[in-house]
Each structure stands twice: as structure tokens, then as C-alpha cells.
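Accompanying notes for the structure given below.
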Amino acid sequence: MNRNAEYNALLAELDAATIATPPALADAVARANAKARRARRIRNVLVVPATAVTILFAAFVTAVNVSADFAELCEQTPILRELAAAVERRPSLKAAVENEYVQSPNGLVQTENDVTMTIEHLIADEKELHIFYRLRSDNYKSLGIEPRFRKREGDNTVLSCGFGYGGTGVDKIQSIKVSFSETTPDSLVMECDVYDRADGELYPGTQIATFRFPLHVDPDKIKLTETITLDKPVVIDGQKFTVTTVEIRPTHTRLFLTDDPDNTAWLKRLDIYAEDENGERYPVRHDGSTSVWKGVTSLQLESSSFSKGKRLTLHITGADWLDRDAPRAKIDLANVAAEGLPQGVALERAIRKGDSWRLVFSYVPRNVGQLFEWGTYYDEAGTQYRYHQSSSYSGYVDEHLTLKDRSTEAFELKDYPFDVVYLQPHYTRWVTLDTPVEIAVK
């Protein structure tokens, strides 16, 4: 799996360019527009700026399991059915599609060098834009992209945003997630380089086309953020922090925390979920992130925006900590030995390849996100280096070793002739609570 550094609404116009809107879908659009007019309320948004970073995430496509009315609508509308399947394992986006919260722009199709790119759907709220696109080609079977975002037509200023994308393939719906530190703009320009990735391990591949699409988001169809102030103090494992604010949006729920300056460890991750009175759970998003900016920690959960529940409670079941006095982990490459690894992590392989090394670590399979600060390593003099690709497996190390009940992460230190390397742990330890901490949100 290739990945870059992590980071981190629409009520429908489902009139796709290639088909006529069926009567049932037209009725759904009318209901959605009426619902949007009723849903307008006073805007109350907490803005927390963040450095723009990018993340790669995999798109999952499975069978649809939705309500009877929505399933019938999908049967009549092939494009809507395919979109529903594309977001099946992304609960917030699935709920958005089921609730007709999609914009489908017309005419966004371009062709170059036997590659046709179509922008088919948009799902947006005040902080995020999800772009659903399709690549078609007769000659290429595996295509990848590298997007860039500009402010507007005629203005090549790079837009301040973080974005995630992933997957290769032809003639299937794929997506790009764009996150904004400020409000989602009404218009922007997406530039997109397309690469031939016939060799699945080749990255980025051979560039074969570049497209430039003006994108327009209808602000009148954005469901506004529901902001709830909590200011609830919490103590876990002797560390203090305050749950300050919850922001509920159609694509995700964002939770803000502030930690106590006297803490001996930084909070790196919470085991947390929200639950309504009907037992519906909203866990941490698989493509979300935990970010820290000026002492404020932001966590992303799946959204309860379309829930029928009236009450919502946070449940904290554990936490990951990075001890503030923890040194970097020391890896003795020549002797395959390590000091200072995160809890539950073991060095399995250190294989020399010329002046490069391949490292394989195993760890207890948890939703840890990452083992080390991604992309950096250091020699004994403190010089910083970067690696750009890693692979994750469930239990597999190589043809000689498969580990039961453990996952692995591997990466290469290219052009690194030394026998010792230092890595910065992303966390040092975790704690699981016997009794979860519960916080009433509403």
C-alpha cells in the first residue's frame, strides 16, 4: 500500500449527464430540496486551522444493504446504485447517499491520450468535499492519479487544503477526499495528472494525461454544522484533558480536546465511539486522522448527522500516549535488535540490500494508524532522512515467517549505509479502561 502523510452536503441533484432522471428520482430530488430549505439554521462553526497534508486511502466496493425505498430507487438509477456500492464501507457517506445528499454535476468530462475522466458526484459539507470520479480507457487497465487544487479559474494559487485519494483501475467509481481548514469554497479548480500503473508496485507510474476541472458546490444545499460545546474534563491514566467541542457534519463528526500542560504524555489516539439511544454506533473514521495544532487535538468520528436518534453519548474505552521524555527508538540493523519500541511492537527483519535496508515490524493488531512518525528516520549524528513507501500486512512477514495474531509494517531505508538507525515512535504505550468514560453530547 502506498501512502503519504496523514491528514485529514449535499442534498441531491441526481440528474446525471448520461441518463434521463426517472420520475421516482425526480420526486426524491424535490423532497431533498424541500428538506434543505427547512433545515437552514443559524451558523455556528469553530474554525481550527491545520497544516495541509495528504493521505492515501483505499476505496472499498461491495454489495449495497440499504432501506427498501432507497434500494428501489437505486434499481431504477444505475449511476446512483453504483455510488451507493462505492461508499458501502464508509458509513457517513453511505448515510449521505441514502438521504439524497449528493450533487451530480453535468458536463465534467475530458479526454486525452485514450483516457477519459468524468466527475460524476460531489458530497460536501462546510469542511469537506468528496469528489467521485471515473476513468475510462481502451488501452490502459490500471490508472492512478495525482490531484492538485487551485482557488479558481484564472487564479493558480494553491488552495489550502488536505486531500486523500487512492486505488487504481478503470471504469469504476473512485473518490478524492478534500479537507479544508476554512469553509468549503463554492468553487475551485482540480488539476489531475493520470498515470499508467500497469505494474501495481510502480509509483507514481508513467504520466499519460492531465485534466483540469472547474468544480462548483451549491452552498444552498450544504447542511450546516451542528456545534455543541461540552467543556467536559476527563482524566485517563493520570493524564488530564478537556473535551471542548463536538461538530457534527454530514461527512464526519469532529471532536476537539485540549490537554493539561502539566501532563507527562501527549495524547496520540483515543479508543472512542459515539452512540445514540437506538444503539447506533459512530466509531472513529477509518480514513480520518488525529491532528494537533496549538495544543488542540482534533479527532474524527463517523457522522450521526442523518440519525433518527435524539440523544448522543461519547464512550472512551482507551488511549494511546507518547511519553514526553521518551527517546527515539534505536534500531541495531546489523544485529536485528531494537530499544525503545512502542508497546506491543517487535522488530522482525532487518535485511540489507546493497546500501539500503528493509525493516519489518510486527505489532498487536489494533487500530493504531501508524507505529512511527511517518516518513522520517535519523542516523547517529541526528541527520534526518525520509522514506516514501510502506506496506502493511495481517500476519505475513515473508515466505519464511507468518505471525499468528499479529500484523506487520515494512518499509525501506534507501541509500542508508549505516548499521544503526533511530525512529521516532508515534506512541509509546496504550491503556484500556475497565470502565469506559461516558460523556453526554445531547
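Identifiers in this document derive from the order of the C-alpha cells: chains are assigned A, B, ..., residues are numbered from 1 separately in each chain, and ligands are numbered from 1 in order of occurrence.
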Could you produce a table of the residues of range 174-284 of chain A lying within 9 Å of range 412-435 of chain A, with the nearest pair of atoms per residue and their separation in Å rounded to one decimal, using only C-alpha atoms, ordered by chain and increasing residue number, as a tab-separated table?
residue	atom	partner	partner_atom	distance
A:Ile236	CA	A:Leu433	CA	8.3
A:Asp237	CA	A:Val431	CA	7.2
A:Trp266	CA	A:Tyr427	CA	8.6
A:Leu267	CA	A:Tyr427	CA	8.6
A:Lys268	CA	A:Tyr427	CA	6.5
A:Arg269	CA	A:Tyr427	CA	8.6
A:Asp271	CA	A:Thr432	CA	8.3
Kindly export the residues of the current selection with all heavy atoms, as a compact mmCIF listing (two decimals), in the first residue's frame.
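Resulting contents of result_19.txt:
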# COMPACT_ATOMS: atom_id res chain seq x y z
N ILE A 236 -7.57 10.21 32.31
CA ILE A 236 -7.30 8.83 31.90
C ILE A 236 -5.83 8.54 32.16
O ILE A 236 -4.95 9.28 31.68
CB ILE A 236 -7.63 8.61 30.41
CG1 ILE A 236 -9.13 8.75 30.17
CG2 ILE A 236 -7.17 7.22 29.96
CD1 ILE A 236 -9.53 8.55 28.72
N ASP A 237 -5.57 7.48 32.91
CA ASP A 237 -4.19 7.05 33.15
C ASP A 237 -3.35 8.18 33.75
O ASP A 237 -2.17 8.31 33.47
CB ASP A 237 -3.57 6.57 31.83
CG ASP A 237 -2.33 5.72 32.05
OD1 ASP A 237 -2.23 5.08 33.11
OD2 ASP A 237 -1.47 5.70 31.16
N TRP A 266 1.75 13.05 25.65
CA TRP A 266 0.84 13.62 24.66
C TRP A 266 -0.19 12.56 24.26
O TRP A 266 0.15 11.40 24.04
CB TRP A 266 1.61 14.06 23.43
CG TRP A 266 2.39 15.33 23.62
CD1 TRP A 266 1.91 16.59 23.79
CD2 TRP A 266 3.82 15.45 23.64
NE1 TRP A 266 2.93 17.49 23.92
CE2 TRP A 266 4.13 16.83 23.82
CE3 TRP A 266 4.88 14.55 23.51
CZ2 TRP A 266 5.43 17.30 23.89
CZ3 TRP A 266 6.17 15.02 23.57
CH2 TRP A 266 6.44 16.38 23.76
N LEU A 267 -1.41 12.99 24.15
CA LEU A 267 -2.46 12.10 23.66
C LEU A 267 -2.29 11.90 22.16
O LEU A 267 -2.27 12.86 21.40
CB LEU A 267 -3.84 12.70 23.95
CG LEU A 267 -5.04 11.91 23.43
CD1 LEU A 267 -5.17 10.59 24.17
CD2 LEU A 267 -6.32 12.74 23.58
N LYS A 268 -2.15 10.67 21.71
CA LYS A 268 -1.97 10.37 20.29
C LYS A 268 -3.21 9.76 19.64
O LYS A 268 -3.41 9.89 18.44
CB LYS A 268 -0.79 9.42 20.09
CG LYS A 268 0.53 9.94 20.63
CD LYS A 268 0.93 11.26 19.99
CE LYS A 268 1.32 11.09 18.54
NZ LYS A 268 1.85 12.35 17.95
N ARG A 269 -4.03 9.09 20.44
CA ARG A 269 -5.22 8.46 19.88
C ARG A 269 -6.16 8.08 21.01
O ARG A 269 -5.73 7.73 22.10
CB ARG A 269 -4.85 7.22 19.08
CG ARG A 269 -5.99 6.61 18.27
CD ARG A 269 -5.53 5.33 17.57
NE ARG A 269 -5.27 4.29 18.52
CZ ARG A 269 -6.17 3.38 18.92
NH1 ARG A 269 -7.39 3.40 18.41
NH2 ARG A 269 -5.86 2.46 19.80
N ASP A 271 -9.43 5.50 21.92
CA ASP A 271 -10.42 4.48 21.57
C ASP A 271 -11.76 5.06 21.97
O ASP A 271 -12.08 5.17 23.17
CB ASP A 271 -10.14 3.18 22.33
CG ASP A 271 -8.90 2.48 21.84
OD1 ASP A 271 -8.69 2.45 20.62
OD2 ASP A 271 -8.13 1.98 22.68
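CA of Asp332 in chain A is found 18.4 Å from CA of Gly344 in chain A.
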Nearest to Phe241 in chain A, chosen from A:Pro261, A:Pro365, A:Pro147, A:Gly354, with only C-alpha atoms counted in the distances:
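Of all the options, A:Pro261 lies closest to Phe241 in chain A.
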Would you kindly return, as JSON, numbers by chain, each protein, DNA or RNA residue with an atom no farther than 10 Å from any atom of range 311-313 of chain A, considering only C-alpha atoms and excluding same-chain residues fewer than 4 positions away?
{"A": [273, 274, 275, 276, 277, 278, 279, 280, 281, 282, 304, 307, 438, 439, 440, 441, 442]}
Between CA of Val102 in chain A and CA of Asp114 in chain A, what distance in Å does the model show, to one decimal?
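Pair CA of Val102 in chain A / CA of Asp114 in chain A returns 28.9 Å.
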Pick from A:Ser92, A:Ala350, A:Pro342, A:Leu255, whichever lies nearest to Leu322 in chain A using only C-alpha atoms:
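For Leu322 in chain A, the nearest of the given residues is A:Pro342.
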Once DSSP has gone over the backbone, tell me which residues of range 283-313 of chain A are in strand (DSSP E or B), as a ChimeraX atom specification.
/A:283-284,291-293,296-301,312-313
